[in-house]
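Quick look at entry-v8.pdb (PDB, C-alpha atoms):
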```pdb
ATOM      1  CA  MET A   1       0.000   0.000   0.000
ATOM      2  CA  GLU A   2       2.817   2.376   0.850
ATOM      3  CA  LEU A   3       4.477   1.706  -2.531
ATOM      4  CA  GLU A   4       1.220   2.349  -4.368
ATOM      5  CA  SER A   5       0.729   5.643  -2.549
ATOM      6  CA  ASN A   6       4.272   6.754  -3.437
ATOM      7  CA  LEU A   7       3.682   5.930  -7.092
ATOM      8  CA  GLN A   8       0.421   7.854  -7.015
ATOM      9  CA  VAL A   9       2.083  10.920  -5.500
ATOM     10  CA  SER A  10       4.908  10.856  -8.046
ATOM     11  CA  SER A  11       2.513  10.513 -10.949
ATOM     12  CA  GLU A  12       0.462  13.424  -9.693
ATOM     13  CA  ALA A  13       3.560  15.592  -9.274
ATOM     14  CA  PHE A  14       4.617  15.165 -12.916
ATOM     15  CA  ASP A  15       2.771  17.139 -15.558
ATOM     16  CA  GLU A  16       3.837  16.238 -19.094
ATOM     17  CA  ASN A  17       2.327  19.448 -20.451
ATOM     18  CA  VAL A  18       4.652  21.659 -18.451
ATOM     19  CA  SER A  19       7.875  22.463 -20.353
ATOM     20  CA  LEU A  20      11.121  21.406 -18.732
ATOM     21  CA  LYS A  21      13.310  24.144 -17.322
ATOM     22  CA  GLN A  22      16.514  24.665 -19.295
ATOM     23  CA  CYS A  23      19.556  23.379 -17.406
ATOM     24  CA  ASN A  24      21.695  26.204 -18.698
ATOM     25  CA  ALA A  25      19.372  28.912 -17.414
ATOM     26  CA  LYS A  26      21.176  31.377 -15.145
ATOM     27  CA  ASP A  27      18.636  30.942 -12.350
ATOM     28  CA  HIS A  28      18.618  27.166 -12.473
ATOM     29  CA  PRO A  29      18.606  25.814  -8.877
ATOM     30  CA  SER A  30      21.578  23.521  -9.573
ATOM     31  CA  TYR A  31      23.856  26.590  -9.691
ATOM     32  CA  LYS A  32      23.298  27.079  -5.953
ATOM     33  CA  GLN A  33      25.041  23.784  -5.206
ATOM     34  CA  ILE A  34      27.245  23.072  -8.242
ATOM     35  CA  PRO A  35      29.464  25.860  -9.607
ATOM     36  CA  LYS A  36      29.953  26.232 -13.329
ATOM     37  CA  PHE A  37      33.103  24.327 -14.302
ATOM     38  CA  PHE A  38      33.025  24.180 -18.111
ATOM     39  CA  ASP A  39      33.160  26.977 -20.652
ATOM     40  CA  PRO A  40      32.605  25.776 -24.210
ATOM     41  CA  PRO A  41      35.159  26.985 -26.761
ATOM     42  CA  PRO A  42      34.176  30.040 -28.784
ATOM     43  CA  LYS A  43      32.393  29.456 -32.053
ATOM     44  CA  PRO A  44      34.355  30.134 -35.260
ATOM     45  CA  ASP A  45      32.160  33.118 -36.071
ATOM     46  CA  ASP A  46      32.717  34.735 -32.645
ATOM     47  CA  LYS A  47      34.755  37.780 -33.665
ATOM     48  CA  ILE A  48      35.706  38.695 -30.094
ATOM     49  CA  ARG A  49      36.341  35.504 -28.128
ATOM     50  CA  GLN A  50      37.953  33.598 -31.006
ATOM     51  CA  PRO A  51      40.852  36.064 -31.598
ATOM     52  CA  LEU A  52      41.163  36.589 -27.833
ATOM     53  CA  CYS A  53      41.637  32.856 -27.198
ATOM     54  CA  LYS A  54      44.169  32.572 -30.031
ATOM     55  CA  ASN A  55      46.226  35.511 -28.764
ATOM     56  CA  ALA A  56      46.113  34.297 -25.149
ATOM     57  CA  HIS A  57      47.184  30.813 -26.222
ATOM     58  CA  SER A  58      50.025  32.233 -28.325
ATOM     59  CA  ILE A  59      51.282  34.370 -25.435
ATOM     60  CA  TYR A  60      51.150  31.367 -23.089
ATOM     61  CA  LEU A  61      53.205  29.218 -25.476
ATOM     62  CA  GLN A  62      55.738  32.010 -25.934
ATOM     63  CA  SER A  63      56.147  32.286 -22.164
ATOM     64  CA  LYS A  64      56.801  28.526 -21.996
ATOM     65  CA  ALA A  65      59.354  28.792 -24.796
ATOM     66  CA  ASP A  66      61.156  31.614 -22.977
ATOM     67  CA  GLN A  67      61.647  29.309 -19.976
ATOM     68  CA  LEU A  68      63.710  26.840 -22.030
ATOM     69  CA  LEU A  69      67.502  26.826 -21.948
ATOM     70  CA  ASN A  70      69.219  28.165 -25.036
ATOM     71  CA  THR A  71      72.499  26.884 -26.498
ATOM     72  CA  ASP A  72      74.693  29.281 -24.516
ATOM     73  CA  GLU A  73      72.985  28.350 -21.256
ATOM     74  CA  LEU A  74      73.401  24.638 -21.999
ATOM     75  CA  ASN A  75      77.105  25.154 -22.698
ATOM     76  CA  GLU A  76      77.487  27.086 -19.464
ATOM     77  CA  MET A  77      75.715  24.297 -17.543
ATOM     78  CA  TRP A  78      78.115  21.728 -19.030
ATOM     79  CA  LYS A  79      81.151  23.790 -17.991
ATOM     80  CA  ILE A  80      79.869  23.951 -14.410
ATOM     81  CA  LEU A  81      79.245  20.199 -14.390
ATOM     82  CA  GLU A  82      82.827  19.606 -15.555
ATOM     83  CA  LYS A  83      84.129  22.072 -12.984
ATOM     84  CA  TYR A  84      82.587  20.169 -10.065
ATOM     85  CA  ALA A  85      83.083  16.638 -11.414
ATOM     86  CA  THR A  86      84.031  14.496  -8.403
ATOM     87  CA  GLU A  87      86.045  11.877 -10.257
ATOM     88  CA  THR A  88      87.240  10.936 -13.745
ATOM     89  CA  THR A  89      87.699   7.233 -14.436
ATOM     90  CA  LYS A  90      90.369   5.620 -16.598
ATOM     91  CA  SER A  91      87.831   5.410 -19.415
ATOM     92  CA  ASN A  92      87.313   9.214 -19.152
ATOM     93  CA  GLN A  93      83.901   8.919 -17.497
ATOM     94  CA  GLN A  94      83.235  12.052 -15.472
ATOM     95  CA  LEU A  95      81.330  11.248 -12.289
ATOM     96  CA  ILE A  96      79.744  13.526  -9.719
ATOM     97  CA  GLY A  97      78.663  12.876  -6.143
ATOM     98  CA  PHE A  98      75.719  14.354  -4.313
ATOM     99  CA  ASP A  99      77.675  17.073  -2.464
ATOM    100  CA  ASP A 100      79.281  18.310  -5.677
ATOM    101  CA  PHE A 101      75.903  18.097  -7.434
ATOM    102  CA  LEU A 102      74.518  20.537  -4.863
ATOM    103  CA  LYS A 103      77.422  22.900  -5.631
ATOM    104  CA  VAL A 104      76.450  22.733  -9.317
ATOM    105  CA  VAL A 105      72.827  23.517  -8.483
ATOM    106  CA  SER A 106      73.857  26.530  -6.412
ATOM    107  CA  GLU A 107      75.863  27.973  -9.324
ATOM    108  CA  VAL A 108      73.592  27.363 -12.356
ATOM    109  CA  ASN A 109      70.857  29.802 -13.348
ATOM    110  CA  ASP A 110      67.220  29.613 -12.262
ATOM    111  CA  LYS A 111      66.127  27.780 -15.428
ATOM    112  CA  CYS A 112      68.540  24.933 -14.679
ATOM    113  CA  LYS A 113      67.568  24.795 -11.017
ATOM    114  CA  LYS A 114      63.989  23.923 -11.965
ATOM    115  CA  ILE A 115      65.250  20.807 -13.759
ATOM    116  CA  MET A 116      68.342  19.824 -11.734
ATOM    117  CA  THR A 117      66.576  18.773  -8.558
ATOM    118  CA  VAL A 118      67.617  16.392  -5.786
ATOM    119  CA  GLU A 119      64.958  14.027  -7.081
ATOM    120  CA  LEU A 120      66.682  13.973 -10.481
ATOM    121  CA  PHE A 121      70.039  13.061  -8.939
ATOM    122  CA  PHE A 122      68.657  10.061  -7.081
ATOM    123  CA  LYS A 123      66.606   8.986 -10.066
ATOM    124  CA  LEU A 124      69.769   8.838 -12.173
ATOM    125  CA  LEU A 125      71.674   7.256  -9.288
ATOM    126  CA  ALA A 126      69.234   4.326  -9.304
ATOM    127  CA  THR A 127      70.385   3.410 -12.831
ATOM    128  CA  SER A 128      74.055   4.358 -12.390
ATOM    129  CA  ASN A 129      76.795   1.728 -12.547
ATOM    130  CA  CYS A 130      78.883   3.631  -9.999
ATOM    131  CA  ALA A 131      78.153   3.653  -6.288
ATOM    132  CA  ASP A 132      77.046   7.032  -4.897
ATOM    133  CA  MET A 133      77.883   8.872  -8.126
ATOM    134  CA  VAL A 134      76.336   9.515 -11.542
ATOM    135  CA  GLU A 135      77.874  10.473 -14.864
ATOM    136  CA  ILE A 136      77.627  14.162 -15.635
ATOM    137  CA  ILE A 137      76.768  13.280 -19.234
ATOM    138  CA  SER A 138      73.612  11.525 -17.998
ATOM    139  CA  ILE A 139      72.524  14.738 -16.258
ATOM    140  CA  TYR A 140      73.221  16.742 -19.409
ATOM    141  CA  ASN A 141      71.352  14.236 -21.619
ATOM    142  CA  TYR A 142      68.340  14.320 -19.304
ATOM    143  CA  VAL A 143      68.166  18.110 -19.522
ATOM    144  CA  MET A 144      68.483  17.947 -23.310
ATOM    145  CA  ARG A 145      65.708  15.351 -23.659
ATOM    146  CA  ARG A 146      63.440  17.367 -21.423
ATOM    147  CA  ILE A 147      64.015  20.499 -23.499
ATOM    148  CA  LEU A 148      63.337  18.600 -26.735
ATOM    149  CA  LEU A 149      60.076  17.186 -25.342
ATOM    150  CA  ILE A 150      58.879  20.611 -24.218
ATOM    151  CA  GLN A 151      59.826  22.047 -27.610
ATOM    152  CA  GLY A 152      57.790  19.281 -29.241
ATOM    153  CA  LEU A 153      54.866  20.018 -26.936
ATOM    154  CA  ILE A 154      55.005  23.707 -27.813
ATOM    155  CA  GLY A 155      55.374  22.909 -31.526
ATOM    156  CA  LEU A 156      52.279  20.708 -31.513
ATOM    157  CA  SER A 157      50.333  23.205 -29.413
ATOM    158  CA  LEU A 158      50.846  25.880 -32.061
ATOM    159  CA  TYR A 159      48.473  23.873 -34.283
ATOM    160  CA  ASP A 160      45.863  23.838 -31.520
ATOM    161  CA  GLU A 161      44.812  27.407 -32.184
ATOM    162  CA  ILE A 162      42.528  28.035 -29.200
ATOM    163  CA  GLY A 163      44.308  25.818 -26.689
ATOM    164  CA  GLN A 164      41.881  22.915 -26.311
ATOM    165  CA  GLY A 165      44.751  20.486 -25.738
ATOM    166  CA  TYR A 166      44.147  18.111 -28.647
ATOM    167  CA  LEU A 167      44.711  17.815 -32.402
ATOM    168  CA  ASN A 168      42.544  16.299 -35.110
ATOM    169  CA  GLU A 169      43.870  14.614 -38.250
ATOM    170  CA  ILE A 170      44.003  17.841 -40.271
ATOM    171  CA  ASP A 171      45.950  19.641 -37.511
ATOM    172  CA  LEU A 172      48.473  16.806 -37.280
ATOM    173  CA  GLU A 173      48.812  16.641 -41.075
ATOM    174  CA  CYS A 174      49.687  20.349 -41.127
ATOM    175  CA  TYR A 175      52.275  19.833 -38.381
ATOM    176  CA  ILE A 176      53.955  16.899 -40.143
ATOM    177  CA  THR A 177      53.988  18.745 -43.476
ATOM    178  CA  ASP A 178      55.623  21.796 -41.914
ATOM    179  CA  ILE A 179      58.404  19.882 -40.115
ATOM    180  CA  ILE A 180      59.364  17.629 -43.054
ATOM    181  CA  PRO A 181      62.063  20.102 -44.250
ATOM    182  CA  THR A 182      63.725  19.762 -40.818
ATOM    183  CA  LEU A 183      63.753  15.943 -40.963
ATOM    184  CA  ALA A 184      67.003  15.359 -42.857
ATOM    185  CA  GLN A 185      66.530  11.600 -43.118
ATOM    186  CA  VAL A 186      63.156  12.178 -44.795
ATOM    187  CA  SER A 187      63.516  15.405 -46.799
ATOM    188  CA  ASN A 188      66.765  14.285 -48.444
ATOM    189  CA  HIS A 189      65.036  11.256 -49.960
ATOM    190  CA  LEU A 190      61.420  12.392 -50.309
ATOM    191  CA  HIS A 191      60.040  12.993 -53.790
ATOM    192  CA  PRO A 192      57.484  15.843 -53.820
ATOM    193  CA  SER A 193      54.815  13.601 -55.325
ATOM    194  CA  PHE A 194      55.166  11.153 -52.422
ATOM    195  CA  GLU A 195      54.950  13.774 -49.666
ATOM    196  CA  ARG A 196      51.176  13.509 -49.142
ATOM    197  CA  PHE A 197      51.423   9.715 -48.900
ATOM    198  CA  TYR A 198      54.201  10.027 -46.332
ATOM    199  CA  VAL A 199      52.176  12.509 -44.256
ATOM    200  CA  CYS A 200      49.059  10.364 -44.499
ATOM    201  CA  THR A 201      50.929   7.227 -43.377
ATOM    202  CA  VAL A 202      52.513   8.948 -40.381
ATOM    203  CA  VAL A 203      49.242  10.533 -39.228
ATOM    204  CA  LYS A 204      47.284   7.302 -39.605
ATOM    205  CA  LYS A 205      49.873   5.384 -37.595
ATOM    206  CA  VAL A 206      49.793   7.941 -34.772
ATOM    207  CA  PHE A 207      45.992   7.878 -34.660
ATOM    208  CA  PHE A 208      45.902   4.085 -34.774
ATOM    209  CA  PHE A 209      47.948   3.808 -31.585
ATOM    210  CA  LEU A 210      46.593   6.806 -29.654
ATOM    211  CA  ASP A 211      42.962   7.258 -30.738
ATOM    212  CA  HIS A 212      41.662   4.037 -29.187
ATOM    213  CA  LEU A 213      38.058   5.258 -28.917
ATOM    214  CA  HIS A 214      37.991   6.649 -32.487
ATOM    215  CA  THR A 215      37.148  10.167 -31.337
ATOM    216  CA  ARG A 216      39.147  11.543 -34.318
ATOM    217  CA  ARG A 217      41.296  13.658 -32.029
ATOM    218  CA  ILE A 218      44.321  13.038 -29.802
ATOM    219  CA  ARG A 219      45.511  14.813 -26.685
ATOM    220  CA  ILE A 220      48.789  16.612 -27.310
ATOM    221  CA  LYS A 221      50.149  15.294 -24.005
ATOM    222  CA  ASP A 222      49.481  11.739 -25.180
ATOM    223  CA  ILE A 223      51.443  12.321 -28.398
ATOM    224  CA  VAL A 224      54.451  13.606 -26.435
ATOM    225  CA  SER A 225      54.352  11.004 -23.639
ATOM    226  CA  SER A 226      53.881   8.087 -26.049
ATOM    227  CA  GLY A 227      57.394   8.482 -27.462
ATOM    228  CA  LEU A 228      56.071   8.708 -31.026
ATOM    229  CA  LEU A 229      57.024  12.372 -31.323
ATOM    230  CA  SER A 230      60.557  11.659 -30.107
ATOM    231  CA  GLN A 231      60.867   8.901 -32.683
ATOM    232  CA  LEU A 232      59.721  11.247 -35.436
ATOM    233  CA  LEU A 233      62.091  14.036 -34.396
ATOM    234  CA  GLU A 234      65.001  11.594 -34.317
ATOM    235  CA  LEU A 235      64.904  11.806 -38.112
ATOM    236  CA  ARG A 236      66.379  15.311 -37.854
ATOM    237  CA  ASP A 237      69.800  13.730 -37.369
ATOM    238  CA  SER A 238      71.529  13.956 -40.746
ATOM    239  CA  ALA A 239      74.411  11.728 -39.636
ATOM    240  CA  LYS A 240      72.405   8.616 -40.492
ATOM    241  CA  SER A 241      70.736  10.006 -43.597
ATOM    242  CA  ARG A 242      73.370   8.376 -45.809
ATOM    243  CA  ASP A 243      72.560   4.946 -44.416
ATOM    244  CA  LEU A 244      68.797   4.503 -44.325
ATOM    245  CA  VAL A 245      69.081   0.815 -43.536
ATOM    246  CA  VAL A 246      69.909   1.782 -39.950
ATOM    247  CA  ASN A 247      66.379   3.054 -39.453
ATOM    248  CA  GLU A 248      64.549   0.450 -41.498
ATOM    249  CA  THR A 249      63.351  -1.506 -38.485
ATOM    250  CA  GLY A 250      64.177   0.923 -35.702
ATOM    251  CA  ASN A 251      62.019   3.914 -36.617
ATOM    252  CA  TRP A 252      58.378   3.648 -37.688
ATOM    253  CA  PHE A 253      58.505   7.006 -39.465
ATOM    254  CA  SER A 254      61.643   6.462 -41.548
ATOM    255  CA  MET A 255      61.371   6.448 -45.328
ATOM    256  CA  PRO A 256      62.005   2.675 -45.624
ATOM    257  CA  ALA A 257      59.247   1.934 -43.088
ATOM    258  CA  VAL A 258      56.702   4.143 -44.890
ATOM    259  CA  LEU A 259      57.746   2.903 -48.341
ATOM    260  CA  GLU A 260      57.243  -0.682 -47.196
ATOM    261  CA  VAL A 261      53.582   0.058 -46.431
ATOM    262  CA  TYR A 262      53.050   1.999 -49.664
ATOM    263  CA  GLU A 263      54.694  -0.683 -51.820
ATOM    264  CA  ASN A 264      52.452  -3.259 -50.183
ATOM    265  CA  TYR A 265      49.466  -1.204 -51.338
ATOM    266  CA  LEU A 266      50.826  -0.868 -54.890
ATOM    267  CA  ASP A 267      51.460  -4.604 -55.128
ATOM    268  CA  LEU A 268      47.818  -5.302 -54.289
ATOM    269  CA  ASP A 269      46.532  -2.722 -56.800
ATOM    270  CA  ARG A 270      46.673  -5.005 -59.853
ATOM    271  CA  ASP A 271      44.643  -2.760 -62.181
ATOM    272  CA  HIS A 272      46.606   0.381 -61.129
ATOM    273  CA  ASP A 273      43.531   2.535 -60.574
ATOM    274  CA  GLY A 274      44.689   3.710 -57.126
ATOM    275  CA  MET A 275      41.945   1.752 -55.338
ATOM    276  CA  LEU A 276      41.652  -1.765 -53.951
ATOM    277  CA  SER A 277      38.707  -4.013 -54.737
ATOM    278  CA  LYS A 278      37.641  -6.891 -52.538
ATOM    279  CA  LYS A 279      39.321  -9.322 -54.908
ATOM    280  CA  GLU A 280      42.597  -7.379 -54.826
ATOM    281  CA  LEU A 281      42.589  -7.146 -51.031
ATOM    282  CA  SER A 282      42.068 -10.904 -50.811
ATOM    283  CA  GLN A 283      45.716 -11.286 -51.903
ATOM    284  CA  TYR A 284      46.917  -9.465 -48.781
ATOM    285  CA  GLY A 285      49.587 -11.340 -46.843
ATOM    286  CA  SER A 286      49.487 -15.003 -47.764
ATOM    287  CA  GLY A 287      46.076 -14.683 -49.428
ATOM    288  CA  SER A 288      44.409 -16.532 -46.565
ATOM    289  CA  LEU A 289      41.680 -13.985 -45.819
ATOM    290  CA  SER A 290      38.277 -15.643 -46.014
ATOM    291  CA  PRO A 291      35.395 -14.211 -48.091
ATOM    292  CA  ILE A 292      33.369 -13.705 -44.888
ATOM    293  CA  PHE A 293      36.202 -11.672 -43.345
ATOM    294  CA  LEU A 294      36.573  -9.545 -46.480
ATOM    295  CA  ASP A 295      32.824  -8.917 -46.660
ATOM    296  CA  ARG A 296      32.830  -7.722 -43.070
ATOM    297  CA  ALA A 297      35.942  -5.588 -43.594
ATOM    298  CA  PHE A 298      34.319  -3.765 -46.510
ATOM    299  CA  GLU A 299      31.154  -3.288 -44.447
ATOM    300  CA  VAL A 300      32.885  -1.485 -41.594
ATOM    301  CA  CYS A 301      35.541   0.392 -43.613
ATOM    302  CA  ARG A 302      34.883   3.499 -45.660
ATOM    303  CA  THR A 303      34.833   2.598 -49.338
ATOM    304  CA  TYR A 304      34.207   4.437 -52.587
ATOM    305  CA  ASN A 305      31.990   2.545 -55.012
ATOM    306  CA  GLY A 306      32.907  -0.628 -53.194
ATOM    307  CA  GLU A 307      36.671  -0.025 -53.355
ATOM    308  CA  MET A 308      39.210   0.953 -50.695
ATOM    309  CA  ASP A 309      41.534   3.965 -50.992
ATOM    310  CA  TYR A 310      44.984   4.331 -49.430
ATOM    311  CA  LYS A 311      43.766   5.990 -46.217
ATOM    312  CA  THR A 312      41.293   3.209 -45.539
ATOM    313  CA  PHE A 313      43.912   0.611 -46.423
ATOM    314  CA  LEU A 314      46.188   2.099 -43.752
ATOM    315  CA  ASP A 315      43.528   1.500 -41.083
ATOM    316  CA  PHE A 316      43.208  -2.084 -42.303
ATOM    317  CA  TYR A 317      46.970  -2.596 -42.585
ATOM    318  CA  PHE A 318      47.817  -1.346 -39.088
ATOM    319  CA  ALA A 319      44.987  -3.361 -37.560
ATOM    320  CA  MET A 320      46.332  -6.489 -39.211
ATOM    321  CA  GLU A 321      50.013  -5.856 -38.516
ATOM    322  CA  TYR A 322      49.613  -4.805 -34.879
ATOM    323  CA  ARG A 323      46.896  -7.164 -33.675
ATOM    324  CA  LYS A 324      48.677  -7.779 -30.351
ATOM    325  CA  THR A 325      48.832  -4.102 -29.356
TER     326      THR A 325
END
```

Go through the file and emit its structure as structure tokens.
Amino acid sequence: MELESNLQVSSEAFDENVSLKQCNAKDHPSYKQIPKFFDPPPKPDDKIRQPLCKNAHSIYLQSKADQLLNTDELNEMWKILEKYATETTKSNQQLIGFDDFLKVVSEVNDKCKKIMTVELFFKLLATSNCADMVEIISIYNYVMRRILLIQGLIGLSLYDEIGQGYLNEIDLECYITDIIPTLAQVSNHLHPSFERFYVCTVVKKVFFFLDHLHTRRIRIKDIVSSGLLSQLLELRDSAKSRDLVVNETGNWFSMPAVLEVYENYLDLDRDHDGMLSKKELSQYGSGSLSPIFLDRAFEVCRTYNGEMDYKTFLDFYFAMEYRKT
């Protein structure tokens, strides 16, 4: 009886003819308990907030860039590390103990002090082969890697115009296209007609590994922390550009690695129309793909008149090649 009375009261309290109160109304009662915590980004046609967000984001990134050590400051830091090196081994390894490390910290500038912390010393000490001391080159390399990662973070963030913290495929394509001239191991061997295929392959690979939920956007922090950006920027080193075989298996973004995927696509395209039919895709790998599997693949993949283009093939290829990831 009590349950029936409660149901009767609730049904009487609800009137379907009364319009619901908008949740975003300024006088909504929820604002008395829950403060507003989300401001949607400005619309593209907002002529005030849109430029304001872009300028604020640009100023923020510039302030972060100003906090990085320049070449002269890095050289000065290295001289101070050498000055207070505790010991030099027979193999010319320069080691430093904790007391001398503190002397280094007291002498370097404020930018270095933010990086060269006590925590850093003991973190490097945990992997050091020498008791109670670390190599000064390991400290220097850590600082360099940190600077390179922050530079990469800032570089990617420049393509996130209003500072939302993520990039879509078009944003990442623009970034890759713009940095290709700085990648000596790529630009020295890249034919202009192949550039868009290279960019497409790199972007698709990044999204395959980082966009697990298929939201079509990736957090910039995830790109940096994944190590993929570091691997891409390694191709700036021109010392190995004469010997591409070095990077064939070691770097996913090297020219040999990308060409291997593209040549696989060309080999399947028997009629040379730039698209793959179901029959052509059936020859993938050892040709063991069943008709049922191919039917399902063409159902879930984007096709054009029943045929698969290179971008769609990349989704298929990475899914097949990295099934254990």

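Atom CA of Asn70 of chain A sits 15.7 Å away from atom CA of Met116 of chain A.
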
I want to know what sits within 10 Å of Ser157 of chain A, based on only C-alpha atoms, with residues of the same chain fewer than 3 positions away left out; could you give that as an mmCIF file with C-alpha atoms, in the frame of the given file?
```cif
data_model
loop_
_atom_site.group_PDB
_atom_site.id
_atom_site.type_symbol
_atom_site.label_atom_id
_atom_site.label_comp_id
_atom_site.auth_asym_id
_atom_site.auth_seq_id
_atom_site.Cartn_x
_atom_site.Cartn_y
_atom_site.Cartn_z
ATOM 1 C CA HIS A 57 47.184 30.813 -26.222
ATOM 2 C CA SER A 58 50.025 32.233 -28.325
ATOM 3 C CA LEU A 61 53.205 29.218 -25.476
ATOM 4 C CA GLN A 151 59.826 22.047 -27.610
ATOM 5 C CA GLY A 152 57.790 19.281 -29.241
ATOM 6 C CA LEU A 153 54.866 20.018 -26.936
ATOM 7 C CA ILE A 154 55.005 23.707 -27.813
ATOM 8 C CA ASP A 160 45.863 23.838 -31.520
ATOM 9 C CA GLU A 161 44.812 27.407 -32.184
ATOM 10 C CA ILE A 162 42.528 28.035 -29.200
ATOM 11 C CA GLY A 163 44.308 25.818 -26.689
ATOM 12 C CA GLN A 164 41.881 22.915 -26.311
ATOM 13 C CA GLY A 165 44.751 20.486 -25.738
ATOM 14 C CA TYR A 166 44.147 18.111 -28.647
ATOM 15 C CA LEU A 167 44.711 17.815 -32.402
ATOM 16 C CA ASP A 171 45.950 19.641 -37.511
ATOM 17 C CA TYR A 175 52.275 19.833 -38.381
ATOM 18 C CA ILE A 220 48.789 16.612 -27.310
ATOM 19 C CA LYS A 221 50.149 15.294 -24.005
#
```

**OP:** Given the file shown, determine the residues that the PyMOL selection byres ((chain A and resi 278-290) around 12) selects; report them as a ChimeraX atom specification.
**Re:** /A:261,264-277,291-299,301,303-310,312-313,316-317,320-321

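Relative to atom CA of Lys114 of chain A, atom CA of Ala56 of chain A is found at 24.5 Å.
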
Original post:
Looking at A:Lys311, A:Arg146, A:Lys103, A:Lys123, which one is nearest to Arg196 of chain A, with distances taken over only C-alpha atoms?
Top reply: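 Nearest to Arg196 of chain A: A:Lys311.
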
Around segment 90-104 of chain A, fit a box with edges along x, y and z, padding it by 3 Å on each side, then list its centre and edge lengths in Å to one decimal as AutoDock Vina command-line options.
```
--center_x 82.4 --center_y 14.2 --center_z -10.9 --size_x 21.9 --size_y 23.5 --size_z 23.0
```

**OP:** Do a neighbour search on Leu235 of chain A at 8 Å with only C-alpha atoms, toss out local chain neighbours closer than 4 positions, and write the hits as JSON, numbers by chain.
**Re:** {"A": [183, 184, 185, 186, 231, 254]}

Subject >> Residues in the PyMOL selection byres ((chain A and resi 176) around 12), expressed as a PyMOL selection string >> reply: chain A and resi 152+155-156+159+169-175+177-183+186-187+195-204+206+229+232-233+253

Quick one: residues within 10 Å of Val105 of chain A, only C-alpha atoms, excluding same-chain residues fewer than 2 positions away - as a CSV table (one decimal) with C-alpha atoms, keeping the file's coordinate frame?
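Printed below is selection.csv as written:
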```
chain,number,residue,atom,x,y,z
A,77,MET,CA,75.7,24.3,-17.5
A,80,ILE,CA,79.9,24.0,-14.4
A,81,LEU,CA,79.2,20.2,-14.4
A,100,ASP,CA,79.3,18.3,-5.7
A,101,PHE,CA,75.9,18.1,-7.4
A,102,LEU,CA,74.5,20.5,-4.9
A,103,LYS,CA,77.4,22.9,-5.6
A,107,GLU,CA,75.9,28.0,-9.3
A,108,VAL,CA,73.6,27.4,-12.4
A,109,ASN,CA,70.9,29.8,-13.3
A,110,ASP,CA,67.2,29.6,-12.3
A,112,CYS,CA,68.5,24.9,-14.7
A,113,LYS,CA,67.6,24.8,-11.0
A,114,LYS,CA,64.0,23.9,-12.0
A,115,ILE,CA,65.2,20.8,-13.8
A,116,MET,CA,68.3,19.8,-11.7
A,117,THR,CA,66.6,18.8,-8.6
A,118,VAL,CA,67.6,16.4,-5.8
```

Original post:
What does the distance between atom CA of Phe38 of chain A and atom CA of Asp211 of chain A come to in Å, to one decimal place?
Top reply: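 Here the two named atoms are 23.3 Å from each other.
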
**OP:** Can you pull out every residue within 10 Å of Phe122 of chain A, counting all atoms listed in the file, but drop anything in the same chain fewer than 4 positions away, and send it as a ChimeraX atom specification?
**Re:** /A:98,117-118,126-128,132-134

**OP:** List the residues matched by the PyMOL selection byres ((chain A and resi 135) around 6) in the displayed structure as a PyMOL selection string, ordered by chain and then by residue number.
**Re:** chain A and resi 94-95+134+136-138

Original post:
Which of these, A:Pro42, A:Glu260, A:Leu158, A:Lys47, has the shortest distance to Ile59 of chain A once you count all atoms listed in the file?
Top reply: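 Smallest separation from Ile59 of chain A among the options: A:Leu158.
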
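Between Thr71 of chain A and the candidates A:Thr325, A:Met144, A:Arg302, A:Leu210, the tightest atom-to-atom separation, counting all atoms listed in the file, involves A:Met144.
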